[in-house]
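Enquirer: Have a look at this one.
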Amino acid sequence: MVNWTHILRAQIFSIKCWYKNNRWMLISTFVWPYLMVGTLFGVGLTLGSIDEYARKVGVANPALYLLASSVVAMSSIYIMYSITGFILQNRWIGTLPYIFLSPVKAHTIMIFSGLPDAVLSPALTTTAILPAAIYFEGVTGAWRILIILLIIILGMLPLMGLSVIIASLLLILKEESNVMGSIIPFMLLVSGVYYPLEVLPRILQLISRAVPTTYVIEATKIVSTYLIPEARLLMTALYMIGLLTLGYNLMAASAIAKLDRIIKYRGAL
Amino acid sequence: MEGFRGGFLKYQTINKLRAVLWLHTLRIWRYKYSFLNMTLNLIIWVIIFILGALMFLPSGGIARALPIIFWGIVMWNIISSAVWLIGGWTDFYLSQGFFEEHTVTNTSSFLVLSFRAIAGLVLSALATVFTYAIISSISARNLLTAQNPIFIMLGLTLLTAMAISYGLIISAISFRIGVPNMMLDIMNFLLLIVGGLATSISSIPEPLRYVALLIPYSYAAELVRYGTIGMETYMPLNTTLTITFSLTMIMVAASLYSMKKIERYVSKNGLKAVGRM
């Protein structure tokens with residue numbers, strides 16, 4: 001009998017093959033955070049100064065903070081795309097109906113097919129910035145990055161629920177690309193990924209309170225700024241991530257069965 | 001008989017052009033949500049980076065920098081849309097088996113891909129409108145004030161021609177080897193700084209400046225900046241103009257040549273990608 005372990009194993013094997021046959025994908029995972037920070041630094045430094053950035057954002061080491069924020073941004077993208085991308089790619093090549101014909105429930109397939117990539121990608125991107133963290137702050141920097149990775153993995157939990165809902169909606173909408181793709185950058189926009197939330201309009205500040213990445217960024221900022229992170233601030237962020245995990249996954253659980261029925265009724269595969 | 005044959009071929013070509021034009025217009029309408037999503041996606045990323053970059057500026061410097069940033073983004077939008085909607089779309093085109101379908105109907109795949117520029121330009125225009133609305137809301141100066149409109153038009157037209165040619169070259173390469181999407185993204189990001197789009201060539205630090213001079217877009221960008229905010233070009237204006245024209249011609253020729261060559265190669269040897277028909 002096919003169950004979630006088979007899907008997980010198949011997906012791990014698929015990812016292994018992907019990385020083996022697409023070296024560029026692996027290289028770009030390592031280059032990407034530096035590229036994002038490089039672009040920001042390049043534009044920023046030709047127009048202003050790094051001290052101004054440190055003062056306005058309130059961070060001790062802007063380079064390390066920006067690298068860590070970029071990792072959070074990239075990981076969020078990977079987590080959400082790993083689920084939605086799986087659905088889209090298989091629909092493109094016509095294999096989706098075969099996958100969904102297996103006796104496992106649709107949402108189990110969606111979650112477990114995206115899970116390996118959702119864990120591996122943040123691990124790879126944090127590994128990518130590890131040399132920079134060691135260069136800037138030595139062993140302390142490496143510890144900070146490790147804590148940030150744990151926070152990202154924790155932040156992944158509410159995003160998984162959200163991704164399953166989005167993937168199901170994608171099937172219903174029958175568009176050629178990920179029509180929900182702009183949700184991810186929007187979430188990063190309201191999370192204040194490279195800037196303080198105060199620069200955003202009031203309405204976006206309010207929305208940011210319901211977005212998991214806001215708290216991941218906040219925790220990242222605390223961890224990458226203070227030598228001994230202030231426990232109260234860090235715990236508040238982690239507590240909010242926990243709360244949103246519960247909220248989004250409960251919502252996903254109640255929505256998914258309905259969406260599953262609609263997909264099968266409409267033959268939307 | 002010859003006259004009849006010539007007339008028939010002409011009629012057939014016009015019909016094909018009309019069909020391809022109709023295909024892309026219909027696709028924009030049919031996939032309007034995808035299209036809107038792409039525009040929003042592009043714009044939101046731009047806003048994220050703008051807000052980040054503005055944090056580097058002292059309060060007084062923001063007003064001065066905004067027009068430069070705005071025009072930099074407009075140019076980047078054009079390049080990015082052309083690359084993604086022509087070069088990046090090829091992956092989708094091949095995986096869906098459209099190549100085989102068009103070959104069967106004796107229609108050049110590169111004709112279909114060239115007209116994809118329509119979608120690219122519509123996306124750039126839409127993204128530019130959104131960008132203008134956002135940046136003008138935080139700018140005290142009128143972003144559209146032009147010192148020399150002819151140079152803006154000239155710069156943007158040549159830049160667009162270069163971008164479409166680049167998209168088609170990538171598309172041609174994709175027929176033979178896989179072009180990783182991430183590589184396109186990386187190149188796009190690099191262009192913003194080293195391509196002389198976000199800042200002028202003269203303000204790029206010395207070693208990178210030479211790289212900027214090797215990138216064709218940087219010359220067209222200099223013309224646009226000269227036309228908008230009156231910023232002096234790095235090289236004398238006439239030289240910049242000549243180089244931009246020459247580079248555009250070279251890129252257009254290179255794209256036509258690569259398309260023809262690849263099409264001949266694929267007809268003989270088949271595709272690397274596996275389509276479904």
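Letters A, B, ... mark the chains of the structure tokens in the order given; residue numbers begin at 1 per chain; ligand numbers begin at 1, in order shown.
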Kindly determine which residues of chain B lie within 9 Å of chain A, considering only C-alpha atoms, and give the answer as a short mmCIF file (atom, residue, chain, number, x, y, z; two decimals) with all heavy atoms, in the first residue's frame.
Expert:
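See part-v6.cif below for the written result:
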data_model
loop_
_atom_site.label_atom_id
_atom_site.label_comp_id
_atom_site.auth_asym_id
_atom_site.auth_seq_id
_atom_site.Cartn_x
_atom_site.Cartn_y
_atom_site.Cartn_z
N ARG B 30 -6.22 35.25 -22.46
CA ARG B 30 -6.61 33.99 -21.83
C ARG B 30 -5.90 33.79 -20.48
O ARG B 30 -6.49 33.33 -19.52
CB ARG B 30 -6.28 32.83 -22.80
CG ARG B 30 -6.26 31.43 -22.21
CD ARG B 30 -7.63 30.98 -21.73
NE ARG B 30 -7.58 29.68 -21.10
CZ ARG B 30 -7.33 29.46 -19.82
NH1 ARG B 30 -7.08 30.47 -19.02
NH2 ARG B 30 -7.31 28.24 -19.32
N TYR B 31 -4.62 34.16 -20.46
CA TYR B 31 -3.86 33.99 -19.22
C TYR B 31 -3.67 35.33 -18.51
O TYR B 31 -2.57 35.67 -18.10
CB TYR B 31 -2.51 33.32 -19.51
CG TYR B 31 -2.66 31.93 -20.05
CD1 TYR B 31 -2.20 31.59 -21.31
CD2 TYR B 31 -3.28 30.94 -19.30
CE1 TYR B 31 -2.35 30.31 -21.81
CE2 TYR B 31 -3.44 29.65 -19.79
CZ TYR B 31 -2.98 29.34 -21.05
OH TYR B 31 -3.13 28.08 -21.53
N LYS B 32 -4.75 36.07 -18.40
CA LYS B 32 -4.64 37.43 -17.84
C LYS B 32 -4.19 37.42 -16.39
O LYS B 32 -3.47 38.30 -15.94
CB LYS B 32 -5.93 38.22 -18.01
CG LYS B 32 -7.20 37.50 -17.62
CD LYS B 32 -8.41 38.33 -18.02
CE LYS B 32 -9.71 37.61 -17.76
NZ LYS B 32 -9.92 36.39 -18.57
N TYR B 33 -4.61 36.38 -15.64
CA TYR B 33 -4.21 36.33 -14.23
C TYR B 33 -2.73 36.03 -14.10
O TYR B 33 -2.05 36.59 -13.25
CB TYR B 33 -5.05 35.29 -13.48
CG TYR B 33 -6.52 35.59 -13.50
CD1 TYR B 33 -7.42 34.71 -14.07
CD2 TYR B 33 -7.00 36.78 -12.97
CE1 TYR B 33 -8.78 34.99 -14.12
CE2 TYR B 33 -8.36 37.08 -13.01
CZ TYR B 33 -9.25 36.18 -13.59
OH TYR B 33 -10.57 36.48 -13.63
N SER B 34 -2.24 35.14 -14.96
CA SER B 34 -0.81 34.84 -14.97
C SER B 34 -0.04 36.11 -15.30
O SER B 34 1.00 36.42 -14.70
CB SER B 34 -0.47 33.80 -16.03
OG SER B 34 -1.05 32.59 -15.72
N PHE B 35 -0.57 36.83 -16.27
CA PHE B 35 0.08 38.05 -16.73
C PHE B 35 0.10 39.12 -15.63
O PHE B 35 1.13 39.74 -15.37
CB PHE B 35 -0.69 38.55 -17.95
CG PHE B 35 0.10 39.46 -18.79
CD1 PHE B 35 1.14 38.97 -19.56
CD2 PHE B 35 -0.18 40.81 -18.83
CE1 PHE B 35 1.89 39.82 -20.34
CE2 PHE B 35 0.56 41.66 -19.60
CZ PHE B 35 1.59 41.17 -20.37
N LEU B 36 -1.02 39.27 -14.98
CA LEU B 36 -1.12 40.24 -13.89
C LEU B 36 -0.20 39.83 -12.75
O LEU B 36 0.49 40.66 -12.15
CB LEU B 36 -2.57 40.31 -13.40
CG LEU B 36 -2.88 41.41 -12.40
CD1 LEU B 36 -2.78 42.77 -13.05
CD2 LEU B 36 -4.28 41.23 -11.81
N ASN B 37 -0.15 38.53 -12.51
CA ASN B 37 0.72 38.01 -11.46
C ASN B 37 2.18 38.31 -11.77
O ASN B 37 2.94 38.74 -10.90
CB ASN B 37 0.50 36.50 -11.32
CG ASN B 37 1.55 35.87 -10.47
OD1 ASN B 37 1.64 36.12 -9.29
ND2 ASN B 37 2.40 35.06 -11.08
N MET B 38 2.55 38.13 -13.04
CA MET B 38 3.94 38.40 -13.44
C MET B 38 4.29 39.87 -13.21
O MET B 38 5.36 40.20 -12.72
CB MET B 38 4.13 38.05 -14.92
CG MET B 38 4.56 36.63 -15.17
SD MET B 38 5.09 36.41 -16.86
CE MET B 38 3.54 36.19 -17.68
N THR B 39 3.35 40.74 -13.58
CA THR B 39 3.58 42.18 -13.40
C THR B 39 3.73 42.50 -11.93
O THR B 39 4.68 43.20 -11.53
CB THR B 39 2.38 42.99 -13.98
OG1 THR B 39 2.04 42.46 -15.23
CG2 THR B 39 2.70 44.45 -14.10
N LEU B 40 2.82 41.98 -11.12
CA LEU B 40 2.87 42.27 -9.69
C LEU B 40 4.16 41.72 -9.08
O LEU B 40 4.82 42.38 -8.27
CB LEU B 40 1.66 41.64 -8.98
CG LEU B 40 0.34 42.36 -9.15
CD1 LEU B 40 -0.78 41.57 -8.51
CD2 LEU B 40 0.40 43.75 -8.53
N ASN B 41 4.49 40.50 -9.50
CA ASN B 41 5.70 39.86 -9.01
C ASN B 41 6.92 40.76 -9.24
O ASN B 41 7.71 41.03 -8.33
CB ASN B 41 5.87 38.55 -9.78
CG ASN B 41 6.57 37.50 -8.96
OD1 ASN B 41 7.31 37.82 -8.04
ND2 ASN B 41 6.36 36.26 -9.29
N LEU B 42 7.02 41.22 -10.47
CA LEU B 42 8.14 42.07 -10.88
C LEU B 42 8.18 43.35 -10.05
O LEU B 42 9.22 43.74 -9.51
CB LEU B 42 7.98 42.39 -12.37
CG LEU B 42 9.13 43.06 -13.08
CD1 LEU B 42 10.27 42.07 -13.25
CD2 LEU B 42 8.70 43.53 -14.46
N ILE B 44 6.71 44.05 -7.14
CA ILE B 44 6.93 43.90 -5.70
C ILE B 44 8.43 43.69 -5.41
O ILE B 44 8.98 44.28 -4.48
CB ILE B 44 6.08 42.76 -5.12
CG1 ILE B 44 4.59 43.09 -5.26
CG2 ILE B 44 6.39 42.55 -3.63
CD1 ILE B 44 3.65 41.96 -4.92
N TRP B 45 9.08 42.87 -6.26
CA TRP B 45 10.52 42.69 -6.06
C TRP B 45 11.26 44.01 -6.21
O TRP B 45 12.20 44.30 -5.45
CB TRP B 45 11.06 41.66 -7.06
CG TRP B 45 10.91 40.26 -6.56
CD1 TRP B 45 10.10 39.30 -7.07
CD2 TRP B 45 11.55 39.67 -5.42
NE1 TRP B 45 10.20 38.15 -6.32
CE2 TRP B 45 11.08 38.34 -5.31
CE3 TRP B 45 12.47 40.13 -4.48
CZ2 TRP B 45 11.50 37.48 -4.31
CZ3 TRP B 45 12.88 39.27 -3.48
CH2 TRP B 45 12.40 37.97 -3.40
N ILE B 47 10.08 46.98 -5.62
CA ILE B 47 9.82 47.81 -4.44
C ILE B 47 10.71 47.35 -3.26
O ILE B 47 11.28 48.17 -2.54
CB ILE B 47 8.33 47.77 -4.02
CG1 ILE B 47 7.46 48.30 -5.15
CG2 ILE B 47 8.09 48.61 -2.77
CD1 ILE B 47 5.98 48.07 -4.91
N ILE B 48 10.79 46.03 -3.09
CA ILE B 48 11.62 45.50 -1.99
C ILE B 48 13.05 46.03 -2.12
O ILE B 48 13.63 46.52 -1.15
CB ILE B 48 11.60 43.95 -1.99
CG1 ILE B 48 10.21 43.43 -1.59
CG2 ILE B 48 12.66 43.38 -1.06
CD1 ILE B 48 10.02 41.92 -1.71
N PHE B 49 13.58 45.96 -3.34
CA PHE B 49 14.97 46.41 -3.52
C PHE B 49 15.09 47.93 -3.41
O PHE B 49 16.06 48.43 -2.85
CB PHE B 49 15.53 45.91 -4.85
CG PHE B 49 16.09 44.52 -4.72
CD1 PHE B 49 15.31 43.41 -5.00
CD2 PHE B 49 17.38 44.32 -4.25
CE1 PHE B 49 15.81 42.13 -4.84
CE2 PHE B 49 17.89 43.04 -4.09
CZ PHE B 49 17.11 41.94 -4.39
N ILE B 50 14.10 48.65 -3.90
CA ILE B 50 14.15 50.13 -3.79
C ILE B 50 14.16 50.53 -2.33
O ILE B 50 14.98 51.34 -1.89
CB ILE B 50 12.95 50.80 -4.49
CG1 ILE B 50 13.02 50.63 -5.98
CG2 ILE B 50 12.90 52.30 -4.16
CD1 ILE B 50 11.80 51.19 -6.69
N LEU B 51 13.21 49.95 -1.56
CA LEU B 51 13.12 50.32 -0.14
C LEU B 51 14.43 49.99 0.57
O LEU B 51 14.90 50.76 1.41
CB LEU B 51 11.94 49.60 0.53
CG LEU B 51 10.55 50.13 0.17
CD1 LEU B 51 9.47 49.26 0.77
CD2 LEU B 51 10.36 51.57 0.63
N GLY B 52 15.01 48.84 0.21
CA GLY B 52 16.30 48.46 0.80
C GLY B 52 17.38 49.45 0.43
O GLY B 52 18.14 49.93 1.28
N ALA B 53 17.45 49.81 -0.86
CA ALA B 53 18.49 50.72 -1.34
C ALA B 53 18.32 52.12 -0.75
O ALA B 53 19.30 52.81 -0.45
CB ALA B 53 18.47 50.79 -2.86
N LEU B 54 17.06 52.54 -0.56
CA LEU B 54 16.82 53.89 -0.01
C LEU B 54 17.33 54.03 1.42
O LEU B 54 17.60 55.13 1.89
CB LEU B 54 15.33 54.24 -0.07
CG LEU B 54 14.74 54.52 -1.45
CD1 LEU B 54 13.28 54.88 -1.36
CD2 LEU B 54 15.51 55.62 -2.18
N MET B 55 17.46 52.90 2.12
CA MET B 55 17.97 52.93 3.50
C MET B 55 19.44 53.37 3.55
O MET B 55 19.95 53.77 4.58
CB MET B 55 17.83 51.55 4.17
CG MET B 55 16.42 51.09 4.40
SD MET B 55 15.51 52.13 5.53
CE MET B 55 14.28 52.81 4.45
N PHE B 56 20.12 53.27 2.42
CA PHE B 56 21.53 53.67 2.37
C PHE B 56 21.68 55.19 2.22
O PHE B 56 22.75 55.73 2.38
CB PHE B 56 22.22 53.02 1.16
CG PHE B 56 22.53 51.55 1.35
CD1 PHE B 56 21.57 50.59 1.11
CD2 PHE B 56 23.79 51.14 1.75
CE1 PHE B 56 21.85 49.24 1.27
CE2 PHE B 56 24.08 49.80 1.91
CZ PHE B 56 23.11 48.84 1.67
N LEU B 57 20.58 55.84 1.86
CA LEU B 57 20.65 57.27 1.54
C LEU B 57 20.33 58.16 2.73
O LEU B 57 19.40 57.86 3.49
CB LEU B 57 19.66 57.60 0.42
CG LEU B 57 19.90 56.94 -0.93
CD1 LEU B 57 18.69 57.10 -1.82
CD2 LEU B 57 21.09 57.56 -1.59
N PRO B 58 21.06 59.27 2.85
CA PRO B 58 20.65 60.25 3.86
C PRO B 58 19.33 60.88 3.40
O PRO B 58 19.05 60.91 2.19
CB PRO B 58 21.80 61.27 3.85
CG PRO B 58 22.48 61.07 2.55
CD PRO B 58 22.26 59.65 2.14
N GLY B 61 19.23 63.03 0.31
CA GLY B 61 19.69 62.46 -0.97
C GLY B 61 18.63 61.68 -1.72
O GLY B 61 18.80 61.38 -2.90
N ILE B 62 17.54 61.36 -1.03
CA ILE B 62 16.51 60.51 -1.65
C ILE B 62 15.88 61.19 -2.87
O ILE B 62 15.74 60.58 -3.92
CB ILE B 62 15.45 60.09 -0.61
CG1 ILE B 62 16.10 59.16 0.42
CG2 ILE B 62 14.26 59.38 -1.26
CD1 ILE B 62 15.22 58.72 1.57
N ALA B 65 18.09 60.99 -5.86
CA ALA B 65 18.33 59.65 -6.41
C ALA B 65 17.11 59.02 -7.10
O ALA B 65 17.28 58.16 -7.96
CB ALA B 65 18.80 58.74 -5.29
N ILE B 69 16.86 56.12 -10.07
CA ILE B 69 16.35 54.79 -9.75
C ILE B 69 15.17 54.44 -10.66
O ILE B 69 15.10 53.34 -11.22
CB ILE B 69 15.93 54.71 -8.26
CG1 ILE B 69 17.18 54.80 -7.37
CG2 ILE B 69 15.17 53.42 -7.96
CD1 ILE B 69 16.90 54.81 -5.89
N PHE B 92 8.91 26.33 -21.58
CA PHE B 92 7.50 25.97 -21.58
C PHE B 92 7.07 25.53 -22.99
O PHE B 92 6.40 24.51 -23.17
CB PHE B 92 6.68 27.19 -21.12
CG PHE B 92 5.19 27.00 -21.18
CD1 PHE B 92 4.54 26.25 -20.21
CD2 PHE B 92 4.45 27.59 -22.19
CE1 PHE B 92 3.16 26.08 -20.27
CE2 PHE B 92 3.07 27.42 -22.25
CZ PHE B 92 2.43 26.67 -21.29
N SER B 95 8.53 22.08 -23.71
CA SER B 95 8.00 21.00 -22.88
C SER B 95 6.53 20.69 -23.23
O SER B 95 6.06 19.58 -23.01
CB SER B 95 8.14 21.32 -21.39
OG SER B 95 7.24 22.32 -21.03
N GLN B 96 5.82 21.67 -23.81
CA GLN B 96 4.43 21.43 -24.19
C GLN B 96 4.29 20.81 -25.58
O GLN B 96 3.19 20.53 -26.03
CB GLN B 96 3.66 22.76 -24.18
CG GLN B 96 3.46 23.36 -22.80
CD GLN B 96 2.52 22.51 -21.95
OE1 GLN B 96 1.33 22.45 -22.18
NE2 GLN B 96 3.07 21.85 -20.96
N PRO B 180 19.71 27.19 -17.62
CA PRO B 180 19.06 27.19 -16.32
C PRO B 180 18.38 28.53 -16.04
O PRO B 180 18.97 29.59 -16.29
CB PRO B 180 20.21 26.97 -15.34
CG PRO B 180 21.37 26.57 -16.16
CD PRO B 180 21.16 27.09 -17.52
N ASN B 181 17.14 28.46 -15.55
CA ASN B 181 16.40 29.68 -15.24
C ASN B 181 17.15 30.56 -14.26
O ASN B 181 17.12 31.77 -14.34
CB ASN B 181 15.04 29.32 -14.66
CG ASN B 181 14.09 28.87 -15.74
OD1 ASN B 181 14.40 28.95 -16.91
ND2 ASN B 181 12.93 28.38 -15.34
N MET B 182 17.82 29.90 -13.31
CA MET B 182 18.56 30.65 -12.30
C MET B 182 19.65 31.51 -12.95
O MET B 182 19.95 32.59 -12.48
CB MET B 182 19.22 29.68 -11.31
CG MET B 182 18.29 29.17 -10.26
SD MET B 182 18.05 30.39 -8.97
CE MET B 182 17.19 29.42 -7.76
N MET B 183 20.23 30.99 -14.05
CA MET B 183 21.29 31.74 -14.70
C MET B 183 20.73 33.03 -15.30
O MET B 183 21.36 34.08 -15.23
CB MET B 183 21.94 30.90 -15.78
CG MET B 183 23.29 31.43 -16.19
SD MET B 183 23.98 30.48 -17.51
CE MET B 183 23.36 31.33 -18.94
N ILE B 186 20.31 35.41 -12.46
CA ILE B 186 21.61 35.95 -12.01
C ILE B 186 22.08 37.04 -12.98
O ILE B 186 22.49 38.12 -12.58
CB ILE B 186 22.64 34.81 -11.88
CG1 ILE B 186 22.27 33.92 -10.68
CG2 ILE B 186 24.06 35.35 -11.72
CD1 ILE B 186 23.07 32.64 -10.56
N PHE B 189 20.08 40.21 -12.50
CA PHE B 189 20.47 40.95 -11.30
C PHE B 189 21.78 41.71 -11.54
O PHE B 189 21.91 42.86 -11.16
CB PHE B 189 20.66 39.99 -10.12
CG PHE B 189 19.45 39.90 -9.25
CD1 PHE B 189 18.46 38.98 -9.50
CD2 PHE B 189 19.29 40.77 -8.19
CE1 PHE B 189 17.33 38.89 -8.71
CE2 PHE B 189 18.16 40.70 -7.39
CZ PHE B 189 17.18 39.75 -7.65
N LEU B 190 22.73 41.00 -12.17
CA LEU B 190 24.03 41.63 -12.41
C LEU B 190 23.91 42.86 -13.30
O LEU B 190 24.61 43.85 -13.11
CB LEU B 190 25.00 40.62 -13.04
CG LEU B 190 25.54 39.55 -12.09
CD1 LEU B 190 26.40 38.56 -12.85
CD2 LEU B 190 26.34 40.15 -10.95
N LEU B 192 21.67 45.04 -13.43
CA LEU B 192 21.19 46.23 -12.72
C LEU B 192 22.36 47.12 -12.27
O LEU B 192 22.30 48.33 -12.36
CB LEU B 192 20.34 45.80 -11.53
CG LEU B 192 19.39 46.83 -10.95
CD1 LEU B 192 18.37 47.26 -11.98
CD2 LEU B 192 18.66 46.26 -9.73
N ILE B 193 23.43 46.47 -11.82
CA ILE B 193 24.58 47.26 -11.35
C ILE B 193 25.67 47.32 -12.42
O ILE B 193 26.02 48.39 -12.90
CB ILE B 193 25.21 46.67 -10.07
CG1 ILE B 193 24.13 46.27 -9.10
CG2 ILE B 193 26.18 47.64 -9.44
CD1 ILE B 193 24.64 45.38 -8.02
N VAL B 194 26.19 46.14 -12.79
CA VAL B 194 27.32 46.14 -13.72
C VAL B 194 26.89 46.52 -15.12
O VAL B 194 27.72 46.91 -15.93
CB VAL B 194 28.04 44.77 -13.75
CG1 VAL B 194 29.53 44.97 -13.66
CG2 VAL B 194 27.60 43.83 -12.67
N ALA B 198 21.20 50.85 -13.10
CA ALA B 198 20.80 51.56 -11.88
C ALA B 198 21.66 52.80 -11.65
O ALA B 198 21.20 53.76 -11.02
CB ALA B 198 20.89 50.63 -10.69
N THR B 199 22.88 52.75 -12.10
CA THR B 199 23.77 53.90 -11.92
C THR B 199 24.53 54.16 -13.22
O THR B 199 24.61 53.27 -14.06
CB THR B 199 24.81 53.63 -10.81
OG1 THR B 199 25.40 52.35 -11.08
CG2 THR B 199 24.20 53.61 -9.43
N SER B 203 29.84 56.33 -12.27
CA SER B 203 29.79 56.12 -10.81
C SER B 203 30.04 54.67 -10.40
O SER B 203 30.04 54.35 -9.22
CB SER B 203 28.46 56.63 -10.24
OG SER B 203 27.40 56.08 -10.94
N ILE B 204 30.29 53.81 -11.37
CA ILE B 204 30.63 52.42 -11.05
C ILE B 204 32.12 52.37 -10.72
O ILE B 204 32.94 52.96 -11.44
CB ILE B 204 30.30 51.47 -12.24
CG1 ILE B 204 28.79 51.51 -12.54
CG2 ILE B 204 30.74 50.04 -11.96
CD1 ILE B 204 28.38 50.76 -13.79
N PRO B 205 32.52 51.71 -9.61
CA PRO B 205 33.94 51.64 -9.26
C PRO B 205 34.79 51.06 -10.38
O PRO B 205 34.31 50.24 -11.16
CB PRO B 205 33.96 50.74 -8.02
CG PRO B 205 32.56 50.57 -7.58
CD PRO B 205 31.66 50.99 -8.67
N GLY B 275 8.95 16.77 -26.13
CA GLY B 275 7.63 17.40 -26.08
C GLY B 275 6.55 16.35 -26.06
O GLY B 275 6.83 15.16 -26.24
N ARG B 276 5.33 16.72 -25.79
CA ARG B 276 4.24 15.74 -25.88
C ARG B 276 3.28 16.20 -26.97
O ARG B 276 2.89 17.36 -27.03
CB ARG B 276 3.55 15.57 -24.53
CG ARG B 276 3.04 16.85 -23.96
CD ARG B 276 2.11 16.64 -22.82
NE ARG B 276 1.56 17.95 -22.51
CZ ARG B 276 0.44 18.17 -21.89
NH1 ARG B 276 -0.28 17.18 -21.51
NH2 ARG B 276 0.02 19.37 -21.64
#
Enquirer: For stretch 231-238 of chain A, please output as a list in words all residues within 10 Å (counting only C-alpha atoms; exclusion window: fewer than 6 positions along the same chain).
Expert: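 With the cut-off at 10 Å, the set is Ile151, Leu154, Gly155, Pro212, Thr214, Tyr215, Val216, Ile217, Glu218, Ala219, Thr220, Lys221, Ile222, Val223 and Leu244 of chain A.
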Enquirer: Hey, which of A:Asn90, A:Ser224, A:Ser208, A:Ser75 ends up closest to A:Leu171? Count only C-alpha atoms.
Expert: A:Asn90
Enquirer: Please indicate the distance in Å from atom CA of B:Ala19 to atom CA of B:Ser174, rounded to one decimal place.
Expert: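 Computing the Euclidean distance for atom CA of B:Ala19 and atom CA of B:Ser174 yields 24.0 Å.
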Enquirer: Could you pull out the helix (DSSP H, G or I) residues of stretch 141-242 of chain B from DSSP and send them as a PyMOL selection string?
Expert: chain B and resi 149-176+181-194+201-203+206-214+217-229+237-242
Enquirer: What does the distance from atom CA of B:Trp76 to atom CA of A:Pro62 come to in Å, to one decimal?
Expert: 25.8 Å
Enquirer: At what distance in Å, to one decimal, does atom CA of B:Ile229 lie from atom CA of B:Ser81?
Expert: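 That distance, rounded to one decimal, is 24.4 Å.
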Enquirer: Excluding B:Thr157 and any residue of its chain fewer than 2 positions from it, enumerate the residues within 12 Å of it, using only C-alpha atoms, and give them as a PyMOL selection string.
Expert: chain B and resi 75+78-79+121+150-155+159-164+217+220-221+223-224+244-245+248
